[in-house]
$ cat query.tsv   # TSV, C-alpha atoms
chain	number	residue	atom	x	y	z
A	1	MET	CA	26.20	23.42	36.96
A	2	ALA	CA	25.16	26.21	39.33
A	3	LYS	CA	26.68	29.62	38.84
A	4	LYS	CA	29.43	30.61	41.29
A	5	TYR	CA	30.17	34.16	42.37
A	6	LYS	CA	33.78	35.16	43.02
A	7	TYR	CA	35.59	37.96	44.75
A	8	SER	CA	39.33	37.37	44.54
A	9	TYR	CA	39.68	33.81	45.89
A	10	TYR	CA	36.36	33.87	47.80
A	11	VAL	CA	33.71	31.77	46.08
A	12	PHE	CA	29.98	31.99	46.83
A	13	ASP	CA	27.14	29.70	45.77
A	14	SER	CA	24.53	32.45	45.75
A	15	LYS	CA	24.29	36.02	44.60
A	16	GLU	CA	22.78	36.91	48.00
A	17	ASP	CA	25.88	35.67	49.87
A	18	TYR	CA	28.16	37.45	47.39
A	19	ASP	CA	26.25	40.73	47.79
A	20	LEU	CA	26.23	40.35	51.58
A	21	PHE	CA	30.00	39.79	51.53
A	22	LEU	CA	30.52	42.98	49.51
A	23	GLU	CA	28.23	44.93	51.84
A	24	LEU	CA	29.97	43.69	55.01
A	25	ILE	CA	33.55	44.21	53.83
A	26	GLU	CA	32.58	47.73	52.82
A	27	LEU	CA	30.90	48.39	56.19
A	28	HIS	CA	33.89	47.11	58.17
A	29	GLY	CA	36.50	48.71	55.92
A	30	PHE	CA	38.08	45.49	54.68
A	31	THR	CA	38.47	46.53	51.06
A	32	GLY	CA	42.15	47.43	51.11
A	33	LYS	CA	45.14	45.49	49.92
A	34	TYR	CA	46.14	44.42	53.45
A	35	ASP	CA	42.66	43.62	54.80
A	36	GLY	CA	42.70	39.90	53.98
A	37	PHE	CA	42.22	38.75	57.58
A	38	GLY	CA	39.10	40.87	57.89
A	39	ARG	CA	37.72	39.60	54.57
A	40	ASP	CA	38.48	36.04	55.70
A	41	GLU	CA	36.47	36.54	58.89
A	42	VAL	CA	33.52	37.97	56.97
A	43	TYR	CA	33.74	35.06	54.50
A	44	TYR	CA	33.81	32.45	57.30
A	45	PHE	CA	30.87	34.21	58.94
A	46	ILE	CA	28.82	34.07	55.75
A	47	CYS	CA	29.82	30.46	55.03
A	48	GLY	CA	28.66	29.58	58.55
A	49	LYS	CA	25.21	30.91	57.60
A	50	PHE	CA	25.08	33.07	60.71
A	51	ASN	CA	22.67	35.95	61.09
A	52	PRO	CA	24.39	38.98	59.52
A	53	ASP	CA	22.65	41.21	62.06
A	54	GLU	CA	25.28	40.02	64.55
A	55	ILE	CA	28.00	41.93	62.68
A	56	ASN	CA	26.30	44.63	60.65
A	57	LYS	CA	25.15	46.92	63.47
A	58	ARG	CA	28.45	48.77	63.72
A	59	LYS	CA	31.96	48.75	62.31
A	60	LEU	CA	33.99	45.90	63.84
A	61	LEU	CA	37.61	44.86	63.81
A	62	GLU	CA	38.64	41.50	62.38
A	63	ASN	CA	39.14	39.93	65.79
A	64	GLU	CA	35.77	41.15	67.01
A	65	ILE	CA	34.10	39.40	64.08
A	66	LYS	CA	36.25	36.34	64.79
A	67	TYR	CA	35.07	36.00	68.40
A	68	ILE	CA	31.46	36.62	67.45
A	69	ARG	CA	31.74	33.91	64.78
A	70	LEU	CA	33.54	31.45	67.08
A	71	GLY	CA	30.94	32.04	69.80
A	72	LEU	CA	28.09	31.40	67.37
A	73	GLU	CA	29.82	28.23	66.15
A	74	LYS	CA	29.88	26.99	69.75
A	75	GLY	CA	26.26	28.01	70.33
A	76	PHE	CA	27.14	30.72	72.87
A	77	ASP	CA	24.97	33.74	73.58
A	78	VAL	CA	27.29	36.26	71.93
A	79	SER	CA	25.03	39.14	72.92
A	80	ILE	CA	26.90	38.99	76.24
A	81	TYR	CA	30.06	40.38	74.60
A	82	ASN	CA	28.91	41.64	71.20
A	83	LYS	CA	28.59	45.17	72.50
A	84	PRO	CA	30.33	48.39	71.50
A	85	GLU	CA	31.64	48.88	75.04
A	86	TYR	CA	33.91	45.82	74.68
A	87	ASP	CA	37.09	45.81	72.62
A	88	TYR	CA	38.31	42.65	70.92
A	89	ALA	CA	40.61	41.67	73.82
A	90	GLN	CA	37.72	41.87	76.29
A	91	MET	CA	35.55	39.89	73.85
A	92	GLU	CA	38.30	37.27	73.63
A	93	ALA	CA	38.58	36.94	77.44
A	94	ILE	CA	34.80	36.52	77.76
A	95	TYR	CA	34.67	34.03	74.88
A	96	GLU	CA	37.51	31.97	76.40
A	97	GLY	CA	35.76	31.91	79.77
A	98	MET	CA	32.55	30.72	78.13
A	99	GLU	CA	34.52	28.06	76.27
A	100	MET	CA	36.03	26.86	79.57
A	101	GLY	CA	32.63	26.81	81.27
A	102	LEU	CA	33.60	29.51	83.78
A	103	ASN	CA	31.16	31.81	85.52
A	104	ILE	CA	31.97	34.84	83.37
A	105	SER	CA	29.51	37.05	85.23
A	106	TRP	CA	32.37	37.81	87.65
A	107	TYR	CA	34.31	39.67	84.96
A	108	ALA	CA	32.11	40.21	81.90
A	109	LYS	CA	31.71	43.87	82.74
A	110	PRO	CA	32.75	46.77	80.52
A	111	GLU	CA	34.33	48.45	83.55
A	112	PHE	CA	37.06	45.80	83.55
A	113	ASP	CA	39.78	46.11	80.93
A	114	ALA	CA	41.07	42.96	79.23
A	115	PHE	CA	44.00	42.66	81.67
A	116	THR	CA	41.72	42.66	84.70
A	117	MET	CA	39.31	40.26	83.02
A	118	ARG	CA	42.17	37.83	82.42
A	119	ILE	CA	43.32	38.09	86.05
A	120	ILE	CA	39.85	37.26	87.34
A	121	LYS	CA	39.52	34.52	84.70
A	122	LEU	CA	42.80	33.02	85.95
A	123	GLY	CA	41.40	32.96	89.48
A	124	LEU	CA	38.29	31.18	88.24
A	125	GLU	CA	40.41	28.70	86.27
A	126	LYS	CA	42.38	27.92	89.44
A	127	ASP	CA	39.10	27.59	91.37
A	128	VAL	CA	39.78	30.36	93.87
A	129	ASP	CA	37.16	32.68	95.33
A	130	VAL	CA	37.17	35.88	93.26
A	131	SER	CA	34.22	37.51	95.00
A	132	SER	CA	36.44	39.84	97.02
A	133	VAL	CA	38.38	41.09	93.97
A	134	ALA	CA	35.86	41.17	91.13
A	135	LYS	CA	35.02	44.78	91.81
A	136	PRO	CA	35.55	47.52	89.22
A	137	GLU	CA	36.52	50.06	91.88
A	138	LEU	CA	39.64	48.06	92.81
A	139	ASP	CA	43.02	48.72	91.18
A	140	ASP	CA	44.18	46.20	88.54
A	141	TYR	CA	47.36	45.41	90.38
A	142	ASP	CA	45.61	44.96	93.73
A	143	ILE	CA	43.29	42.47	92.04
A	144	PHE	CA	46.29	40.76	90.43
A	145	ALA	CA	48.17	40.52	93.74
A	146	GLU	CA	45.16	39.15	95.61
A	147	VAL	CA	44.35	36.53	92.97
A	148	LEU	CA	47.98	35.38	92.88
A	149	LYS	CA	48.04	35.25	96.69
A	150	GLN	CA	44.91	33.10	96.72
A	151	ILE	CA	46.28	30.81	93.99
A	152	HIS	CA	49.57	30.43	95.89
A	153	LYS	CA	47.71	29.66	99.13
A	154	LYS	CA	45.50	27.06	97.41
A	155	GLU	CA	48.43	25.39	95.64
A	156	LYS	CA	50.45	25.35	98.88
A	157	GLU	CA	47.55	23.70	100.70
A	158	GLU	CA	47.21	21.14	97.90
A	159	TRP	CA	50.95	20.44	98.02
A	160	ILE	CA	50.89	19.97	101.80
A	161	THR	CA	47.87	17.66	101.60
A	162	LYS	CA	49.47	15.61	98.84
A	163	ASN	CA	52.73	15.26	100.77
A	164	ILE	CA	50.98	14.37	104.03
A	165	LYS	CA	49.07	11.63	102.21
A	166	LEU	CA	52.30	10.40	100.63
A	167	SER	CA	54.08	10.39	104.00
A	168	LEU	CA	51.20	8.53	105.65
A	169	ARG	CA	51.21	5.96	102.84
A	170	LYS	CA	54.95	5.42	103.31
A	171	LEU	CA	54.49	5.15	107.09
A	172	LEU	CA	51.68	2.61	106.72
A	173	ASN	CA	53.79	0.59	104.27
A	174	ALA	CA	56.72	0.65	106.70
A	175	LEU	CA	54.48	-0.47	109.59
A	176	SER	CA	53.06	-3.21	107.42
A	177	ASP	CA	56.58	-4.40	106.58
A	178	CYS	CA	57.47	-4.42	110.31
A	179	LYS	CA	54.50	-6.69	111.15
A	180	ASN	CA	55.61	-9.20	108.53

$ encode --input "query.tsv" --output "structure tokens"
Amino acid sequence: MAKKYKYSYYVFDSKEDYDLFLELIELHGFTGKYDGFGRDEVYYFICGKFNPDEINKRKLLENEIKYIRLGLEKGFDVSIYNKPEYDYAQMEAIYEGMEMGLNISWYAKPEFDAFTMRIIKLGLEKDVDVSSVAKPELDDYDIFAEVLKQIHKKEKEEWITKNIKLSLRKLLNALSDCKN
């Protein structure tokens, strides 16, 4: 039976993985009593056999490691958001946009905080044109108001179209009944 290496409840098949785990939890400061989430993320990262260079360039928070790992699991180019200028919430917004197949280039910019990224992402999700608002020089709340206005306009148009079609269908059915 092959030797196993343990750290608390984390079990490794190789000494190399065990040593890498110790090195990474030390680097990221996950050695304390209440750092279990961080250790878990490092453990999942190592178990996924991902390139440790993705997370050993600088000290990261647990959630930053999480979104790097999740992106690698999905085959995403995590270099887009694995940058020191992004915090974990920005990384999360970019990751979610990639997962949804959105054109993240509209908001994957360090100049946008996570709130603004999510507003632009919402516009993309609702299939509205964000080109006029995806500008770092604009105020967050102006961007928010414009995206909501565009979403409202689009949904109103869709509602009107749906109800016109429904009314026409009812009218055609009524005319058909009159002929018979």

$ atom_distance --input "query.tsv" --atom1 "CA of Pro110 (chain A)" --atom2 "CA of Glu85 (chain A)"
6.0 Å

$ closest_residue --input "query.tsv" --among "A:Met98, A:Ile104, A:Ile151, A:Val78" --to "Val128 (chain A)" --atoms "only C-alpha atoms"
A:Ile151

$ axis_aligned_box --input "query.tsv" --around "region 20-37 of chain A" --padding-each-side "4 Å" --output "lines of an AutoDock Vina configuration file"
center_x = 36.2
center_y = 43.7
center_z = 53.8
size_x = 27.9
size_y = 18.0
size_z = 16.7

$ closest_residue --input "query.tsv" --among "A:Thr161, A:Asn173, A:Ser167, A:Thr116" --to "Val147 (chain A)" --atoms "only C-alpha atoms"
A:Thr116

$ residues_around --input "query.tsv" --residues "Met1 (chain A)" --least-positions-apart "2" --cutoff "12 Å" --atoms "all atoms listed in the file" --output "list in words"
Lys3, Lys4 and Asp13 of chain A

$ atom_distance --input "query.tsv" --atom1 "CA of Leu122 (chain A)" --atom2 "CA of Pro84 (chain A)"
24.5 Å

$ residues_around --input "query.tsv" --residues "Glu23 (chain A)" --least-positions-apart "2" --cutoff "12 Å" --atoms "all atoms listed in the file" --output "short mmCIF file (atom, residue, chain, number, x, y, z; two decimals) with C-alpha atoms, in the frame of the given file"
data_model
loop_
_atom_site.label_atom_id
_atom_site.label_comp_id
_atom_site.auth_asym_id
_atom_site.auth_seq_id
_atom_site.Cartn_x
_atom_site.Cartn_y
_atom_site.Cartn_z
CA GLU A 16 22.78 36.91 48.00
CA ASP A 17 25.88 35.67 49.87
CA TYR A 18 28.16 37.45 47.39
CA ASP A 19 26.25 40.73 47.79
CA LEU A 20 26.23 40.35 51.58
CA PHE A 21 30.00 39.79 51.53
CA ILE A 25 33.55 44.21 53.83
CA GLU A 26 32.58 47.73 52.82
CA LEU A 27 30.90 48.39 56.19
CA HIS A 28 33.89 47.11 58.17
CA GLY A 29 36.50 48.71 55.92
CA PHE A 30 38.08 45.49 54.68
CA THR A 31 38.47 46.53 51.06
CA ARG A 39 37.72 39.60 54.57
CA VAL A 42 33.52 37.97 56.97
CA TYR A 43 33.74 35.06 54.50
CA ILE A 46 28.82 34.07 55.75
CA PRO A 52 24.39 38.98 59.52
CA ILE A 55 28.00 41.93 62.68
CA ASN A 56 26.30 44.63 60.65
CA LYS A 59 31.96 48.75 62.31
#

$ closest_residue --input "query.tsv" --among "A:Gln90, A:Arg169, A:Glu99, A:Ile120" --to "Asp142 (chain A)" --atoms "all atoms listed in the file"
A:Ile120

$ atom_distance --input "query.tsv" --atom1 "CA of Phe50 (chain A)" --atom2 "CA of Ala108 (chain A)"
23.4 Å

$ closest_residue --input "query.tsv" --among "A:Ile164, A:Leu72, A:Leu24, A:Ala114" --to "Glu92 (chain A)" --atoms "all atoms listed in the file"
A:Ala114

$ closest_residue --input "query.tsv" --among "A:Leu175, A:Ile94, A:Leu60, A:Leu148" --to "Asp77 (chain A)" --atoms "all atoms listed in the file"
A:Ile94

$ closest_residue --input "query.tsv" --among "A:Lys15, A:Arg69, A:Lys154, A:Lys57" --to "Glu41 (chain A)" --atoms "all atoms listed in the file"
A:Arg69

$ residues_around --input "query.tsv" --residues "Asn82 (chain A)" --least-positions-apart "2" --cutoff "8 Å" --atoms "all atoms listed in the file" --output "JSON, numbers by chain"
{"A": [54, 68, 78, 79, 80, 84, 86, 91]}

$ residues_around --input "query.tsv" --residues "Glu62 (chain A)" --least-positions-apart "2" --cutoff "7 Å" --atoms "all atoms listed in the file" --output "PyMOL selection string"
chain A and resi 37-38+41+60+64-66

$ residues_around --input "query.tsv" --residues "Arg118 (chain A)" --least-positions-apart "6" --cutoff "10 Å" --atoms "all atoms listed in the file" --output "PyMOL selection string"
chain A and resi 89-90+92-94+96-97+107+112+124+144
